[in-house]
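Take a look at the structure below.
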Amino acid sequence: MAESGGVSEILGAGNEPAAEVSVADTPVDPTAAALAAEAAKSSPELAQEACAYFRKQSHLIEVQTEHLHEQRAVNLQLLKLKRFDERLKVGLRVLVILVATVIGLGGVLLIHDAFTSRRVVIEPFDAPSALAGRGVTGRVIAAGLLGELNRLQAATKSSAARRDLTNAWSAEVELALPETGISIGEVSRTLKRRFGHDVHIDGELVQTEAGGLDLTVRGDGVLQRTFHGKADELPRLTTQIAEYVFGQSEPALFANYLFNDGRAAEAIVFAQEAYVSASRSDRPYLLNAWAIALQSTSGSNREALPLLRAAVKLQPDFWVGHTNIQNTLMLLGDEEGAWRDGEDMRAAAGGRPGRAREYNYGNWDYLTGNLGALLASVVADAEQSAGAGTGSNAAGPAIADIQARLHDPEAAGLALRTTKEDPHDPTIAAMTHFVRGRLAAEAGDASRAATELEAFGVAYADPAVSVNYPGYNCWIAPTEEAAGHPEKADAVIKSAGTFVDCYRFRASILDGRGDWPGAQKAYADAVALAPDLPAAYYSWGVALAQHGDLAGAQEKLKDANKRGPHWADPLKAWGDVLVKQGNNREALAKYEKALKYAPNWKELKEAREALSKQKS
């Protein structure tokens, strides 16, 4: 009964089950029942009536009990229906809330997209109907302009503009087409027109009386300009207006495009003219493009450095500017200063990893022999730009150079073979010669190494090559010396500049000629030139080991490892010294550590394996 009452209470008003009949509904007085039983003992008739009465009562109780079980089953079914109904209501409420949330988020996204939108929208141009028969319509002109703008974007290699100007022209050039009715797309476009920063471009084509074409373009923030051409020069006119629109809308990107397109002189003029009217956010990138264009055309590194410093002053977190300052200091022969600027950049970025990209530490990694990190950053940059890289030099040869320094000739060769040709990039052919020469030298083929590096030296005379690879010409000297051309080696050393590599190679050449005292002084000069870089210590340590001064060699190699802890070469040389000292356990530890940084170095693996067998 408590269950029934409980079910009724759970179902609530309006869902009451039918009233139950219980034993309590037909009460039997116990006193009367006792008296009737006592009287029945003396009266057979009364006893018979009493029995009949009790049988009826028993039957009634049985009927009531059976009814109670049936009613309980019905009430349980009603309870289940009630619970299902409540769950359904809750589910519907949750569904309504979810749908409203999605709609609300969609609206928020539409509004956010509208306020942050910086697309270039090309409207159909006006065109004379007389030209429609030749397939020249306003929509065709707009589509042609769209294609040219997309081509310009694809040809623009600029980590600065693409990375830091996050919303600028990021694949958001589109062709505007009329629509009917109201849609989410139409709402989005309306919001962007009202609150966004889109650039809408349109214009008209006019056929002149002489049969020529006048193509006029205008847009938001784009001054109207008319381009003139012959009747069959519409493609040329379309390219001209695309470059004009690109330069007016995104001067930083266009300056980089001109440079990447082999038009460095035009890039200089454009950057100079655009700087005054450019926004504050664009000015650092214009100064940067101006500087690297100067370096690539005239080698004017001293003129470029103030431009780069001005760019960083305008925008202290302009990491590309920091990178190019370091590169320029290296070109000026101040590698210690470049290393110091890298340290300052890391502090400004809040450590590493920090706000600066790993790619921006490329010069610092190169100077300290941090080749694994350098390789990873260059590969990542190339993968994000269809293999080309965002630097002013092709990524493929740069990757090959790093692989060669990691003593992995197979990987270096593959990187060269998979590099796409680019007629505007002279670094590809130049660095192909350099890497092949270095691999030949490491393989012991001095003649071929000299031939390849001499070809590299010819290409290095082009500022567009030397600006990307400061000090690389120093490597020609030891190659010429090994090939039996001492006069050529001396000429390179004399003219190459104040690079640590030139100084240490000069010391090694003097040592090879039997002038050990002169070599010692030259090694000391190399260390003094850049005391925080590892290369001079490494070469000095190797030379000391060759002269039997194992303790002195170990000390210099320790200094090299301290300044370049991720460079495998000093670790291997240190291990070689320890083997000569009979300290195989520590030597094996040095080999194992070196393998972490140059895992495919054949000679290192062989040394480790030979020592492991001796130990076992």
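As shown in the structure tokens, the chain order sets the letters A, B, ...; within each chain, residues go from 1, and ligands are also counted from 1 in the order they appear.
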Within 10 Å of Glu592 in chain A using only C-alpha atoms, minus same-chain residues under 3 positions, as a PyMOL selection string: chain A and resi 568+571-572+575+586-589+595-597+599+604-605+608
List as an mmCIF file with N, CA, C and O atoms, in the first residue's frame the protein and nucleic acid residues near range 360-371 of chain A, meaning an atom at most 6 Å away when only C-alpha atoms are counted, but skip any in the same chain fewer than 6 places from it.
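Listed below is the output, out_1.cif:
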data_model
loop_
_atom_site.group_PDB
_atom_site.id
_atom_site.type_symbol
_atom_site.label_atom_id
_atom_site.label_comp_id
_atom_site.auth_asym_id
_atom_site.auth_seq_id
_atom_site.Cartn_x
_atom_site.Cartn_y
_atom_site.Cartn_z
ATOM 1 N N THR A 323 66.975 39.256 -36.970
ATOM 2 C CA THR A 323 67.696 38.249 -37.739
ATOM 3 C C THR A 323 68.565 38.890 -38.804
ATOM 4 O O THR A 323 69.731 38.504 -39.003
ATOM 5 N N TRP A 339 76.385 37.322 -32.613
ATOM 6 C CA TRP A 339 76.034 36.391 -31.525
ATOM 7 C C TRP A 339 75.401 37.149 -30.362
ATOM 8 O O TRP A 339 74.398 36.707 -29.795
ATOM 9 N N GLY A 342 71.905 38.090 -31.055
ATOM 10 C CA GLY A 342 71.048 36.918 -30.899
ATOM 11 C C GLY A 342 70.681 36.663 -29.455
ATOM 12 O O GLY A 342 69.553 36.288 -29.135
ATOM 13 N N LEU A 533 82.264 32.146 -29.611
ATOM 14 C CA LEU A 533 81.915 31.171 -30.642
ATOM 15 C C LEU A 533 82.831 29.955 -30.538
ATOM 16 O O LEU A 533 84.009 30.078 -30.169
ATOM 17 N N GLY A 564 79.402 25.678 -27.828
ATOM 18 C CA GLY A 564 78.539 25.028 -28.818
ATOM 19 C C GLY A 564 78.154 23.639 -28.342
ATOM 20 O O GLY A 564 78.592 22.638 -28.930
ATOM 21 N N HIS A 566 75.711 21.731 -28.637
ATOM 22 C CA HIS A 566 74.970 20.831 -29.531
ATOM 23 C C HIS A 566 75.710 20.575 -30.847
ATOM 24 O O HIS A 566 75.112 20.053 -31.792
ATOM 25 N N TRP A 567 76.975 20.925 -30.885
ATOM 26 C CA TRP A 567 77.791 20.693 -32.081
ATOM 27 C C TRP A 567 78.531 19.377 -31.898
ATOM 28 O O TRP A 567 79.298 19.204 -30.943
#
Selection near range 292-305 of chain A, 6 Å with only C-alpha atoms, sequence-local residues under 2 positions removed, as a list in words: Ala264, Ala289, Trp290, Leu307, Leu308, Pro463 and Ala464 of chain A
Suppose we keep N, CA and C atoms; can you now write the selection as a PDB file, in the first residue's frame?
ATOM      1  N   ALA A 264      65.208  43.989 -57.478  1.00  0.00           N
ATOM      2  CA  ALA A 264      65.649  44.625 -56.237  1.00  0.00           C
ATOM      3  C   ALA A 264      65.744  46.134 -56.379  1.00  0.00           C
ATOM      4  N   ALA A 289      62.753  45.435 -46.318  1.00  0.00           N
ATOM      5  CA  ALA A 289      62.864  45.132 -47.748  1.00  0.00           C
ATOM      6  C   ALA A 289      63.872  46.055 -48.420  1.00  0.00           C
ATOM      7  N   TRP A 290      63.869  47.313 -48.033  1.00  0.00           N
ATOM      8  CA  TRP A 290      64.811  48.294 -48.563  1.00  0.00           C
ATOM      9  C   TRP A 290      66.252  47.860 -48.268  1.00  0.00           C
ATOM     10  N   LEU A 307      69.103  51.072 -41.515  1.00  0.00           N
ATOM     11  CA  LEU A 307      67.708  50.847 -41.873  1.00  0.00           C
ATOM     12  C   LEU A 307      67.109  49.735 -41.029  1.00  0.00           C
ATOM     13  N   LEU A 308      67.874  48.668 -40.836  1.00  0.00           N
ATOM     14  CA  LEU A 308      67.389  47.540 -40.045  1.00  0.00           C
ATOM     15  C   LEU A 308      67.251  47.927 -38.572  1.00  0.00           C
ATOM     16  N   PRO A 463      76.467  39.884 -55.091  1.00  0.00           N
ATOM     17  CA  PRO A 463      75.982  40.226 -53.747  1.00  0.00           C
ATOM     18  C   PRO A 463      74.726  39.455 -53.339  1.00  0.00           C
ATOM     19  N   ALA A 464      73.916  39.057 -54.312  1.00  0.00           N
ATOM     20  CA  ALA A 464      72.699  38.305 -53.980  1.00  0.00           C
ATOM     21  C   ALA A 464      73.037  36.953 -53.362  1.00  0.00           C
TER      22      ALA A 464
END
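The coordinates place CA of Ala398 in chain A at 14.8 Å from CA of Ser385 in chain A.
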Which residue of A:Ser58, A:Ala551, A:Asn260, A:Ala607 approaches Asp576 in chain A most closely, using only C-alpha atoms: A:Ala607
Residue neighbourhood range 410-414 of chain A, 7 Å, only C-alpha atoms, exclusion window fewer than 5 positions, as JSON, numbers by chain: {"A": [400, 401, 403, 404]}
Neighbour list for Leu205 in chain A as number ranges by chain, cut-off 7 Å, only C-alpha atoms, skip fewer than 5 positions in-chain: A: 126-127, 213-216
Those of range 387-509 of chain A in DSSP helix (DSSP H, G or I), formatted as a PyMOL selection string: chain A and resi 395-405+409-417+427-442+446-460+463-466+472-482+486-496+500-509
Long-range neighbours of Ala522 in chain A as an MDAnalysis selection string, 8 Å cut-off, only C-alpha atoms, 4 positions minimum in chain: chainID A and resid 503:504 506:507 518 526
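Near Lys556 in chain A, within 6 Å and counting only C-alpha atoms, sit A:Tyr537, A:Gly541, A:Ala553, A:Asp559, not including residues fewer than 3 positions from it in the same chain.
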Among listed residues A:Leu88, A:Gln315, A:Arg513, A:Pro397, nearest Lys420 in chain A (using only C-alpha atoms): A:Pro397
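Across the model, the gap from CA of Pro486 in chain A to CA of Gly512 in chain A is 10.9 Å.
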Residue nearest Thr239 in chain A - candidates A:Pro306, A:Gly484, A:Gly144, A:Pro423, atoms counted: only C-alpha atoms: A:Gly144
